[in-house]
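Shown next: coords_35.json, given as JSON, C-alpha atoms and all ligand atoms.
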```json
[["chain", "number", "residue", "atom", "x", "y", "z"],
["A", 1, "MET", "CA", 0.00, 0.00, 0.00],
["A", 2, "GLY", "CA", 1.44, 3.39, -1.01],
["A", 3, "LYS", "CA", 2.10, 6.32, 1.31],
["A", 4, "LEU", "CA", -0.27, 9.29, 1.39],
["A", 5, "ARG", "CA", 0.74, 12.04, -1.01],
["A", 6, "LYS", "CA", 0.20, 15.68, -0.13],
["A", 7, "THR", "CA", -1.91, 16.40, -3.18],
["A", 8, "THR", "CA", -4.23, 13.36, -3.08],
["A", 9, "ARG", "CA", -7.64, 13.45, -1.40],
["A", 10, "LEU", "CA", -7.69, 10.97, 1.44],
["A", 11, "PRO", "CA", -9.08, 7.54, 0.61],
["A", 12, "SER", "CA", -12.15, 6.30, 2.46],
["A", 13, "GLY", "CA", -13.27, 3.12, 4.16],
["A", 14, "ALA", "CA", -10.96, 0.15, 4.59],
["A", 15, "GLU", "CA", -8.21, 1.66, 2.44],
["A", 16, "ARG", "CA", -8.05, 4.73, 4.71],
["A", 17, "ALA", "CA", -8.01, 2.55, 7.84],
["A", 18, "LEU", "CA", -5.11, 0.52, 6.49],
["A", 19, "LEU", "CA", -3.10, 3.62, 5.56],
["A", 20, "VAL", "CA", -3.72, 5.16, 8.99],
["A", 21, "ARG", "CA", -2.74, 1.98, 10.84],
["A", 22, "GLU", "CA", 0.44, 1.56, 8.81],
["A", 23, "MET", "CA", 1.30, 5.22, 9.31],
["A", 24, "PHE", "CA", 0.95, 5.05, 13.10],
["A", 25, "ASP", "CA", 2.91, 1.80, 13.16],
["A", 26, "ARG", "CA", 5.76, 3.64, 11.41],
["A", 27, "ILE", "CA", 5.84, 6.77, 13.62],
["A", 28, "ALA", "CA", 5.03, 5.08, 16.97],
["A", 29, "GLY", "CA", 8.57, 5.36, 18.34],
["A", 30, "ARG", "CA", 8.62, 9.13, 17.84],
["A", 31, "TYR", "CA", 4.94, 9.89, 18.51],
["A", 32, "ASP", "CA", 5.25, 11.13, 22.12],
["A", 33, "LEU", "CA", 8.15, 13.43, 21.32],
["A", 34, "LEU", "CA", 6.37, 14.83, 18.28],
["A", 35, "ASN", "CA", 3.17, 15.34, 20.22],
["A", 36, "THR", "CA", 5.00, 17.38, 22.85],
["A", 37, "VAL", "CA", 6.86, 19.44, 20.25],
["A", 38, "MET", "CA", 3.81, 20.08, 18.07],
["A", 39, "THR", "CA", 1.49, 21.10, 20.89],
["A", 40, "ALA", "CA", 4.22, 22.86, 22.91],
["A", 41, "GLY", "CA", 3.30, 20.49, 25.73],
["A", 42, "LEU", "CA", -0.32, 21.73, 25.78],
["A", 43, "HIS", "CA", -1.71, 18.24, 25.09],
["A", 44, "ARG", "CA", -1.33, 17.58, 28.83],
["A", 45, "LEU", "CA", -3.58, 20.53, 29.61],
["A", 46, "TRP", "CA", -6.14, 19.37, 27.01],
["A", 47, "ASN", "CA", -6.02, 15.85, 28.48],
["A", 48, "ARG", "CA", -6.93, 17.35, 31.84],
["A", 49, "LYS", "CA", -9.95, 19.03, 30.28],
["A", 50, "VAL", "CA", -11.08, 15.69, 28.86],
["A", 51, "VAL", "CA", -10.64, 13.98, 32.23],
["A", 52, "ARG", "CA", -12.66, 16.74, 33.91],
["A", 53, "ALA", "CA", -15.40, 16.51, 31.25],
["A", 54, "THR", "CA", -15.85, 12.76, 31.91],
["A", 55, "GLY", "CA", -16.87, 13.46, 35.52],
["A", 56, "LEU", "CA", -14.91, 10.35, 36.56],
["A", 57, "GLY", "CA", -13.90, 9.86, 40.16],
["A", 58, "PRO", "CA", -12.10, 7.21, 42.23],
["A", 59, "GLY", "CA", -13.17, 3.68, 41.34],
["A", 60, "GLY", "CA", -14.57, 4.69, 37.94],
["A", 61, "LYS", "CA", -14.29, 2.68, 34.73],
["A", 62, "ALA", "CA", -13.21, 4.29, 31.47],
["A", 63, "LEU", "CA", -12.70, 3.21, 27.89],
["A", 64, "ASP", "CA", -10.14, 5.22, 25.90],
["A", 65, "LEU", "CA", -10.49, 4.58, 22.17],
["A", 66, "ALA", "CA", -7.66, 5.15, 19.67],
["A", 67, "CYS", "CA", -5.53, 5.39, 22.80],
["A", 68, "GLY", "CA", -2.22, 5.36, 20.89],
["A", 69, "THR", "CA", 0.70, 5.44, 23.30],
["A", 70, "GLY", "CA", -1.68, 5.98, 26.22],
["A", 71, "SER", "CA", -1.15, 9.63, 27.17],
["A", 72, "LEU", "CA", -4.84, 10.25, 27.94],
["A", 73, "THR", "CA", -5.35, 6.65, 29.09],
["A", 74, "ARG", "CA", -2.88, 7.11, 31.95],
["A", 75, "ASP", "CA", -4.36, 10.50, 32.92],
["A", 76, "LEU", "CA", -7.78, 8.82, 33.15],
["A", 77, "ALA", "CA", -6.19, 6.04, 35.21],
["A", 78, "LYS", "CA", -4.76, 8.55, 37.68],
["A", 79, "LYS", "CA", -8.21, 10.02, 38.13],
["A", 80, "VAL", "CA", -9.97, 6.69, 38.81],
["A", 81, "GLY", "CA", -7.14, 5.54, 41.10],
["A", 82, "PRO", "CA", -6.20, 2.02, 42.19],
["A", 83, "ASP", "CA", -9.84, 0.89, 42.55],
["A", 84, "GLY", "CA", -10.70, 2.04, 39.03],
["A", 85, "TYR", "CA", -9.95, 0.56, 35.63],
["A", 86, "VAL", "CA", -9.15, 1.99, 32.20],
["A", 87, "LEU", "CA", -9.20, 0.02, 28.97],
["A", 88, "GLY", "CA", -7.20, 1.57, 26.12],
["A", 89, "VAL", "CA", -7.95, 0.27, 22.63],
["A", 90, "ASP", "CA", -5.97, 0.98, 19.48],
["A", 91, "PHE", "CA", -5.55, -0.83, 16.16],
["A", 92, "SER", "CA", -1.83, 0.01, 15.82],
["A", 93, "ARG", "CA", 0.28, -2.71, 17.39],
["A", 94, "GLU", "CA", 3.34, -0.44, 17.44],
["A", 95, "MET", "CA", 1.56, 2.46, 19.18],
["A", 96, "LEU", "CA", 0.44, 0.02, 21.90],
["A", 97, "ARG", "CA", 3.96, -1.38, 22.14],
["A", 98, "ALA", "CA", 5.22, 2.16, 22.82],
["A", 99, "ALA", "CA", 2.53, 2.75, 25.51],
["A", 100, "LYS", "CA", 3.77, 2.90, 29.10],
["A", 101, "PRO", "CA", 2.01, 0.45, 31.41],
["A", 102, "ALA", "CA", 0.09, 1.45, 34.55],
["A", 103, "PRO", "CA", -1.36, -0.87, 37.21],
["A", 104, "ASN", "CA", -5.03, -0.06, 36.56],
["A", 105, "VAL", "CA", -4.70, 0.16, 32.76],
["A", 106, "GLU", "CA", -5.23, -2.57, 30.19],
["A", 107, "TYR", "CA", -4.19, -1.93, 26.60],
["A", 108, "ARG", "CA", -5.89, -3.97, 23.91],
["A", 109, "LEU", "CA", -5.45, -4.25, 20.16],
["A", 110, "GLY", "CA", -8.77, -3.54, 18.47],
["A", 111, "ASP", "CA", -10.84, -1.46, 16.11],
["A", 112, "ALA", "CA", -12.77, 1.42, 17.70],
["A", 113, "THR", "CA", -15.62, 0.94, 15.22],
["A", 114, "HIS", "CA", -16.08, -2.73, 16.07],
["A", 115, "LEU", "CA", -15.08, -3.49, 19.65],
["A", 116, "GLU", "CA", -14.89, -7.25, 19.88],
["A", 117, "GLY", "CA", -15.07, -8.60, 23.43],
["A", 118, "VAL", "CA", -15.81, -5.20, 25.03],
["A", 119, "PRO", "CA", -19.03, -5.58, 27.06],
["A", 120, "SER", "CA", -22.10, -3.34, 26.70],
["A", 121, "GLY", "CA", -23.03, -0.85, 29.42],
["A", 122, "ALA", "CA", -19.80, -1.48, 31.34],
["A", 123, "PHE", "CA", -18.11, 1.95, 31.42],
["A", 124, "ASP", "CA", -18.75, 5.25, 33.21],
["A", 125, "ALA", "CA", -16.89, 7.17, 30.50],
["A", 126, "ALA", "CA", -15.67, 6.60, 26.95],
["A", 127, "THR", "CA", -13.13, 8.95, 25.39],
["A", 128, "ILE", "CA", -11.34, 9.49, 22.11],
["A", 129, "ALA", "CA", -8.56, 12.06, 21.59],
["A", 130, "TYR", "CA", -7.29, 12.94, 18.10],
["A", 131, "GLY", "CA", -8.72, 9.65, 16.85],
["A", 132, "ALA", "CA", -12.12, 10.51, 15.33],
["A", 133, "ARG", "CA", -10.56, 12.46, 12.44],
["A", 134, "ASN", "CA", -8.82, 9.25, 11.38],
["A", 135, "ILE", "CA", -11.99, 7.17, 11.40],
["A", 136, "PRO", "CA", -14.14, 7.27, 8.26],
["A", 137, "ASP", "CA", -17.20, 5.58, 9.85],
["A", 138, "LEU", "CA", -18.10, 8.01, 12.64],
["A", 139, "ASP", "CA", -21.55, 6.45, 13.13],
["A", 140, "ALA", "CA", -19.89, 3.12, 13.96],
["A", 141, "LEU", "CA", -17.45, 4.85, 16.32],
["A", 142, "PHE", "CA", -20.07, 6.72, 18.36],
["A", 143, "SER", "CA", -22.55, 3.85, 18.41],
["A", 144, "GLU", "CA", -19.78, 1.68, 19.90],
["A", 145, "MET", "CA", -19.08, 4.41, 22.47],
["A", 146, "ALA", "CA", -22.79, 4.53, 23.35],
["A", 147, "ARG", "CA", -23.08, 0.74, 23.48],
["A", 148, "THR", "CA", -20.20, 0.31, 25.94],
["A", 149, "LEU", "CA", -21.35, 3.13, 28.27],
["A", 150, "ARG", "CA", -23.77, 2.56, 31.11],
["A", 151, "PRO", "CA", -26.93, 4.72, 30.92],
["A", 152, "GLY", "CA", -25.87, 8.20, 32.08],
["A", 153, "GLY", "CA", -22.22, 7.46, 31.21],
["A", 154, "VAL", "CA", -20.26, 10.22, 29.47],
["A", 155, "ALA", "CA", -18.65, 10.22, 26.02],
["A", 156, "VAL", "CA", -15.93, 12.79, 25.28],
["A", 157, "CYS", "CA", -14.27, 13.46, 21.93],
["A", 158, "LEU", "CA", -11.26, 15.77, 21.64],
["A", 159, "GLU", "CA", -10.16, 16.71, 18.15],
["A", 160, "ILE", "CA", -8.07, 19.18, 16.17],
["A", 161, "ALA", "CA", -10.16, 21.67, 14.20],
["A", 162, "ARG", "CA", -9.69, 24.53, 11.79],
["A", 163, "PRO", "CA", -10.27, 27.73, 13.74],
["A", 164, "THR", "CA", -12.61, 30.43, 12.46],
["A", 165, "GLY", "CA", -11.06, 33.56, 14.01],
["A", 166, "ARG", "CA", -8.59, 35.60, 11.92],
["A", 167, "VAL", "CA", -5.63, 35.47, 14.31],
["A", 168, "SER", "CA", -5.95, 31.79, 15.12],
["A", 169, "SER", "CA", -6.57, 30.93, 11.44],
["A", 170, "THR", "CA", -3.34, 32.68, 10.49],
["A", 171, "PHE", "CA", -1.46, 30.90, 13.25],
["A", 172, "TYR", "CA", -3.07, 27.59, 12.26],
["A", 173, "GLY", "CA", -2.17, 28.05, 8.57],
["A", 174, "LEU", "CA", 1.43, 28.72, 9.46],
["A", 175, "TRP", "CA", 1.83, 26.10, 12.17],
["A", 176, "PHE", "CA", -0.24, 23.10, 11.07],
["A", 177, "ASP", "CA", -0.17, 23.58, 7.30],
["A", 178, "ARG", "CA", 3.51, 24.55, 6.94],
["A", 179, "ILE", "CA", 5.69, 23.99, 10.00],
["A", 180, "VAL", "CA", 4.21, 20.76, 11.40],
["A", 181, "PRO", "CA", 4.55, 18.75, 8.15],
["A", 182, "LYS", "CA", 8.21, 19.82, 7.85],
["A", 183, "LEU", "CA", 9.07, 19.40, 11.52],
["A", 184, "GLY", "CA", 7.15, 16.14, 11.79],
["A", 185, "GLY", "CA", 8.84, 14.82, 8.66],
["A", 186, "LEU", "CA", 12.27, 15.71, 10.03],
["A", 187, "ILE", "CA", 11.76, 14.21, 13.49],
["A", 188, "SER", "CA", 9.82, 11.11, 12.45],
["A", 189, "GLY", "CA", 11.58, 10.55, 9.13],
["A", 190, "ASP", "CA", 8.10, 10.15, 7.62],
["A", 191, "ALA", "CA", 7.02, 13.30, 5.80],
["A", 192, "SER", "CA", 3.80, 11.71, 4.47],
["A", 193, "ALA", "CA", 2.51, 11.08, 8.01],
["A", 194, "TYR", "CA", 2.78, 14.74, 8.90],
["A", 195, "SER", "CA", 1.30, 16.07, 5.68],
["A", 196, "TYR", "CA", -1.59, 13.70, 6.43],
["A", 197, "LEU", "CA", -2.33, 15.64, 9.64],
["A", 198, "PRO", "CA", -3.49, 18.95, 8.04],
["A", 199, "GLU", "CA", -5.23, 17.00, 5.25],
["A", 200, "SER", "CA", -7.22, 14.96, 7.74],
["A", 201, "VAL", "CA", -8.23, 18.07, 9.70],
["A", 202, "LYS", "CA", -9.33, 19.75, 6.46],
["A", 203, "GLU", "CA", -11.51, 16.78, 5.50],
["A", 204, "PHE", "CA", -13.02, 16.26, 8.95],
["A", 205, "VAL", "CA", -16.67, 17.19, 9.60],
["A", 206, "ALA", "CA", -17.47, 20.62, 11.11],
["A", 207, "PRO", "CA", -18.02, 20.67, 14.90],
["A", 208, "GLY", "CA", -21.82, 21.14, 14.57],
["A", 209, "GLU", "CA", -22.06, 18.18, 12.22],
["A", 210, "LEU", "CA", -19.97, 16.07, 14.60],
["A", 211, "ALA", "CA", -22.41, 16.95, 17.39],
["A", 212, "ASP", "CA", -25.31, 15.72, 15.18],
["A", 213, "ILE", "CA", -23.48, 12.44, 14.47],
["A", 214, "ILE", "CA", -22.87, 11.91, 18.20],
["A", 215, "GLU", "CA", -26.52, 12.68, 18.99],
["A", 216, "ARG", "CA", -27.94, 10.25, 16.43],
["A", 217, "ASN", "CA", -25.92, 7.36, 17.85],
["A", 218, "GLY", "CA", -27.44, 6.89, 21.29],
["A", 219, "LEU", "CA", -26.01, 9.91, 23.10],
["A", 220, "GLN", "CA", -27.94, 12.93, 24.33],
["A", 221, "ASP", "CA", -27.38, 16.46, 25.73],
["A", 222, "VAL", "CA", -24.47, 16.82, 23.32],
["A", 223, "THR", "CA", -22.43, 19.98, 23.84],
["A", 224, "TRP", "CA", -19.19, 21.14, 22.32],
["A", 225, "LYS", "CA", -16.70, 23.93, 22.87],
["A", 226, "ARG", "CA", -13.57, 25.26, 21.23],
["A", 227, "LEU", "CA", -10.28, 25.30, 23.13],
["A", 228, "ALA", "CA", -6.96, 26.97, 22.39],
["A", 229, "GLY", "CA", -8.40, 29.69, 20.14],
["A", 230, "GLY", "CA", -10.47, 27.15, 18.19],
["A", 231, "ILE", "CA", -7.65, 24.77, 17.25],
["A", 232, "ILE", "CA", -9.13, 22.06, 19.47],
["A", 233, "THR", "CA", -12.77, 21.03, 19.96],
["A", 234, "LEU", "CA", -14.17, 19.10, 22.87],
["A", 235, "HIS", "CA", -17.52, 17.31, 22.38],
["A", 236, "ARG", "CA", -19.42, 15.70, 25.24],
["A", 237, "GLY", "CA", -22.55, 13.56, 25.26],
["A", 238, "ILE", "CA", -24.48, 11.44, 27.75],
["A", 239, "ARG", "CA", -25.54, 7.85, 27.08],
["A", 240, "ARG", "CA", -29.31, 7.69, 26.70],
["A", 241, "PRO", "CA", -31.21, 5.54, 29.19],
["A", 242, "ARG", "CA", -31.93, 3.11, 26.36],
["A", 243, "ALA", "CA", -29.92, 2.63, 23.15],
["A", 244, "SER", "CA", -31.69, 4.20, 20.18],
["B", 1, "LIG", "C1", -3.19, 10.91, 16.71],
["B", 1, "LIG", "S1", -3.17, 9.35, 17.52],
["B", 1, "LIG", "C2", -3.89, 9.74, 19.08],
["B", 1, "LIG", "C3", -3.39, 8.85, 20.19],
["B", 1, "LIG", "C4", -3.86, 9.22, 21.59],
["B", 1, "LIG", "N1", -5.30, 9.21, 21.71],
["B", 1, "LIG", "C5", -3.30, 10.54, 22.06],
["B", 1, "LIG", "O1", -4.05, 11.33, 22.62],
["B", 1, "LIG", "O2", -2.09, 10.76, 21.94],
["B", 1, "LIG", "C6", -4.48, 8.50, 16.67],
["B", 1, "LIG", "C7", -4.58, 7.03, 17.03],
["B", 1, "LIG", "O3", -5.79, 6.52, 16.50],
["B", 1, "LIG", "C8", -5.57, 5.17, 16.19],
["B", 1, "LIG", "N2", -6.70, 4.73, 15.34],
["B", 1, "LIG", "C9", -7.11, 5.28, 14.18],
["B", 1, "LIG", "N3", -8.19, 4.63, 13.71],
["B", 1, "LIG", "C10", -8.48, 3.65, 14.62],
["B", 1, "LIG", "C11", -9.48, 2.65, 14.71],
["B", 1, "LIG", "N4", -10.43, 2.50, 13.77],
["B", 1, "LIG", "N5", -9.48, 1.82, 15.78],
["B", 1, "LIG", "C12", -8.54, 1.94, 16.75],
["B", 1, "LIG", "N6", -7.55, 2.86, 16.71],
["B", 1, "LIG", "C13", -7.52, 3.71, 15.66],
["B", 1, "LIG", "C14", -4.20, 5.17, 15.54],
["B", 1, "LIG", "O4", -3.61, 3.91, 15.50],
["B", 1, "LIG", "C15", -3.46, 6.16, 16.47],
["B", 1, "LIG", "O5", -2.81, 5.48, 17.51]]
```

Can I see the file as structure tokens?
Ligand SMILES: C[S@@+](CC[C@H](N)C(=O)[O-])C[C@H]1O[C@@H](n2cnc3c(N)ncnc32)[C@H](O)[C@@H]1O
Amino acid sequence: MGKLRKTTRLPSGAERALLVREMFDRIAGRYDLLNTVMTAGLHRLWNRKVVRATGLGPGGKALDLACGTGSLTRDLAKKVGPDGYVLGVDFSREMLRAAKPAPNVEYRLGDATHLEGVPSGAFDAATIAYGARNIPDLDALFSEMARTLRPGGVAVCLEIARPTGRVSSTFYGLWFDRIVPKLGGLISGDASAYSYLPESVKEFVAPGELADIIERNGLQDVTWKRLAGGIITLHRGIRRPRAS
């Protein structure tokens, strides 16, 4: 399978999934470093906002989808403490291999749109950070989140977005469209992976549309807000009493 070229529109369906998985397998060893460089360390702050939005407390159970190397997974695990449990699922074997273990965390290889062996109604919170944009079938993703949550459980989706304000749009154009692909290519040795990033943000659904997709898949009271001048969006929904 070929690498993504800057000028091509992104493929859809299974072909896209395969390209994404192979890409994360290739950059896994450098992912944490690149994440810190590209967000200037702010991803830790955004993780904290996700953890807060879940409403989790000690003893809680969380499912972190597209968990990658487990940055958010471990922050969730700290929140639920030794009596809690967090399951991190990712389809890239190499990203999971690079994930640091924690006593109350289980990492599992799997597809976020088809969670084999993950029970229904078992979690207080289900999260996904910077994963949704890589997943062509968003209905399947959010219906799996709804299915695995207990009624009243909370789903949170954190994602990169194109800002609307003039200042942040200018910054975004410079940083994500120009600097990140070059810097990412240099550090990871994989230029295609980091030109994929702005392409995938460009092709991703608008925040209002994402809220509608979340709502039609068994979650209610869906709200969303922009963080960091609009570069990040945080969506939150509550599992309906009964699956729709
Ligand atoms: C940008 S990384 C985000 C990792 C992590 N959530 C974080 O905050 O650093 C995106 C991750 O999504 C995973 N991914 C993409 N599509 C997936 C799918 N359908 N099922 C499971 N994981 C998926 C990739 O393998 C990759 O590890």

Open item on the list: So that I can see what lies close to range 78-95 of chain A, please list as a PyMOL selection string the residues with an atom at most 10 Å from it, counting all atoms listed in the file and leaving out residues fewer than 6 positions away in the same chain.
Closed with: chain A and resi 17-18+20-32+48+51-52+55-70+72+102-112+115+118+123+125-128+131

Task: Atom pair CA of Tyr130 in chain A / atom C4 of ligand LIG 1 (chain B): separation (Å) - done: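 Taking CA of Tyr130 in chain A and atom C4 of ligand LIG 1 (chain B), their separation equals 6.1 Å.
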
Tell me, as a PDB file with C-alpha atoms, keeping the file's coordinate frame, which residues lie within 10 Å of range 133-135 of chain A, counting all atoms listed in the file; anything in the same chain fewer than 3 positions away does not count.
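To be explicit, this is the file written out as result26.pdb:
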```pdb
ATOM      1  CA  SER A  12     -12.150   6.300   2.460  1.00  0.00           C
ATOM      2  CA  GLY A  13     -13.270   3.120   4.160  1.00  0.00           C
ATOM      3  CA  ALA A  14     -10.960   0.150   4.590  1.00  0.00           C
ATOM      4  CA  ARG A  16      -8.050   4.730   4.710  1.00  0.00           C
ATOM      5  CA  ALA A  17      -8.010   2.550   7.840  1.00  0.00           C
ATOM      6  CA  LEU A  19      -3.100   3.620   5.560  1.00  0.00           C
ATOM      7  CA  VAL A  20      -3.720   5.160   8.990  1.00  0.00           C
ATOM      8  CA  ARG A  21      -2.740   1.980  10.840  1.00  0.00           C
ATOM      9  CA  ALA A  66      -7.660   5.150  19.670  1.00  0.00           C
ATOM     10  CA  ASP A 111     -10.840  -1.460  16.110  1.00  0.00           C
ATOM     11  CA  ALA A 112     -12.770   1.420  17.700  1.00  0.00           C
ATOM     12  CA  THR A 113     -15.620   0.940  15.220  1.00  0.00           C
ATOM     13  CA  ALA A 129      -8.560  12.060  21.590  1.00  0.00           C
ATOM     14  CA  TYR A 130      -7.290  12.940  18.100  1.00  0.00           C
ATOM     15  CA  LEU A 138     -18.100   8.010  12.640  1.00  0.00           C
ATOM     16  CA  ASP A 139     -21.550   6.450  13.130  1.00  0.00           C
ATOM     17  CA  ALA A 140     -19.890   3.120  13.960  1.00  0.00           C
ATOM     18  CA  LEU A 141     -17.450   4.850  16.320  1.00  0.00           C
ATOM     19  CA  LEU A 158     -11.260  15.770  21.640  1.00  0.00           C
ATOM     20  CA  GLU A 159     -10.160  16.710  18.150  1.00  0.00           C
ATOM     21  CA  ILE A 160      -8.070  19.180  16.170  1.00  0.00           C
ATOM     22  CA  ALA A 161     -10.160  21.670  14.200  1.00  0.00           C
ATOM     23  CA  TYR A 196      -1.590  13.700   6.430  1.00  0.00           C
ATOM     24  CA  LEU A 197      -2.330  15.640   9.640  1.00  0.00           C
ATOM     25  CA  SER A 200      -7.220  14.960   7.740  1.00  0.00           C
ATOM     26  CA  VAL A 201      -8.230  18.070   9.700  1.00  0.00           C
ATOM     27  CA  LYS A 202      -9.330  19.750   6.460  1.00  0.00           C
ATOM     28  CA  GLU A 203     -11.510  16.780   5.500  1.00  0.00           C
ATOM     29  CA  PHE A 204     -13.020  16.260   8.950  1.00  0.00           C
ATOM     30  CA  VAL A 205     -16.670  17.190   9.600  1.00  0.00           C
TER      31      VAL A 205
END
```

Task: Using all atoms listed in the file: which of A:Lys49, A:Lys182, A:Arg236, A:Arg44 has the shortest distance to ligand LIG 1 (chain B) - done: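 Of all the options, A:Arg44 lies closest to ligand LIG 1 (chain B).
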
Task: Atom-to-atom span, CA of Leu96 in chain A and atom N5 of ligand LIG 1 (chain B), Å - done: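 About the pair CA of Leu96 in chain A and atom N5 of ligand LIG 1 (chain B): they are 11.8 Å apart.
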
Which residues come within 9 Å of range 224-234 of chain A, counting all atoms listed in the file, excluding same-chain residues fewer than 4 positions away, as a compact mmCIF listing (two decimals) with C-alpha atoms, in the coordinates of the input?
```txt
# COMPACT_ATOMS: atom_id res chain seq x y z
CA TRP A 46 -6.14 19.37 27.01
CA LYS A 49 -9.95 19.03 30.28
CA VAL A 50 -11.08 15.69 28.86
CA ALA A 53 -15.40 16.51 31.25
CA VAL A 156 -15.93 12.79 25.28
CA CYS A 157 -14.27 13.46 21.93
CA LEU A 158 -11.26 15.77 21.64
CA GLU A 159 -10.16 16.71 18.15
CA ILE A 160 -8.07 19.18 16.17
CA ALA A 161 -10.16 21.67 14.20
CA ARG A 162 -9.69 24.53 11.79
CA PRO A 163 -10.27 27.73 13.74
CA THR A 164 -12.61 30.43 12.46
CA GLY A 165 -11.06 33.56 14.01
CA VAL A 167 -5.63 35.47 14.31
CA SER A 168 -5.95 31.79 15.12
CA SER A 169 -6.57 30.93 11.44
CA TYR A 172 -3.07 27.59 12.26
CA PRO A 207 -18.02 20.67 14.90
CA GLY A 208 -21.82 21.14 14.57
CA ALA A 211 -22.41 16.95 17.39
```

Task: Residues within 8 Å of (-26.2, 11.2, 28.9), counting all atoms listed in the file, listed as JSON, numbers by chain - done: {"A": [151, 152, 153, 154, 219, 220, 221, 237, 238, 239, 240, 241]}

Write to file, as an mmCIF file, in the coordinates of the input, the residues of the selection just made, with C-alpha atoms.
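Saved result, out-v2.cif, follows:
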```cif
data_model
loop_
_atom_site.group_PDB
_atom_site.id
_atom_site.type_symbol
_atom_site.label_atom_id
_atom_site.label_comp_id
_atom_site.auth_asym_id
_atom_site.auth_seq_id
_atom_site.Cartn_x
_atom_site.Cartn_y
_atom_site.Cartn_z
ATOM 1 C CA PRO A 151 -26.930 4.720 30.920
ATOM 2 C CA GLY A 152 -25.870 8.200 32.080
ATOM 3 C CA GLY A 153 -22.220 7.460 31.210
ATOM 4 C CA VAL A 154 -20.260 10.220 29.470
ATOM 5 C CA LEU A 219 -26.010 9.910 23.100
ATOM 6 C CA GLN A 220 -27.940 12.930 24.330
ATOM 7 C CA ASP A 221 -27.380 16.460 25.730
ATOM 8 C CA GLY A 237 -22.550 13.560 25.260
ATOM 9 C CA ILE A 238 -24.480 11.440 27.750
ATOM 10 C CA ARG A 239 -25.540 7.850 27.080
ATOM 11 C CA ARG A 240 -29.310 7.690 26.700
ATOM 12 C CA PRO A 241 -31.210 5.540 29.190
#
```

Open item on the list: Between CA of Pro198 in chain A and CA of Asp212 in chain A, what distance in Å does the model show, to one decimal?
Closed with: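 CA of Asp212 in chain A lies at a distance of 23.2 Å from CA of Pro198 in chain A.
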
Task: Given all atoms listed in the file as the counted atoms, nearest of A:His235, A:Arg216, A:Lys100, A:Arg9 to Asp75 in chain A - done: A:Lys100

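With only C-alpha atoms and all ligand atoms as the basis for measurement, A:Ala132 is the residue among A:Ala146, A:Ala132, A:Ile187, A:Leu33 that approaches ligand LIG 1 (chain B) most closely.
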
Size and centre in Å, one decimal, axis-aligned box, all listed ligand LIG 1 (chain B) atoms plus 6 Å per side, as lines of an AutoDock Vina configuration file:
```
center_x = -6.3
center_y = 6.6
center_z = 18.2
size_x = 20.3
size_y = 21.5
size_z = 20.9
```

- [ ] Could you check which of A:Ala193, A:Leu186, A:Ala122, A:Val180 is closest to ligand LIG 1 (chain B), using all atoms listed in the file?
- [x]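 Nearest candidate to ligand LIG 1 (chain B) out of A:Ala193, A:Leu186, A:Ala122, A:Val180: A:Ala193.
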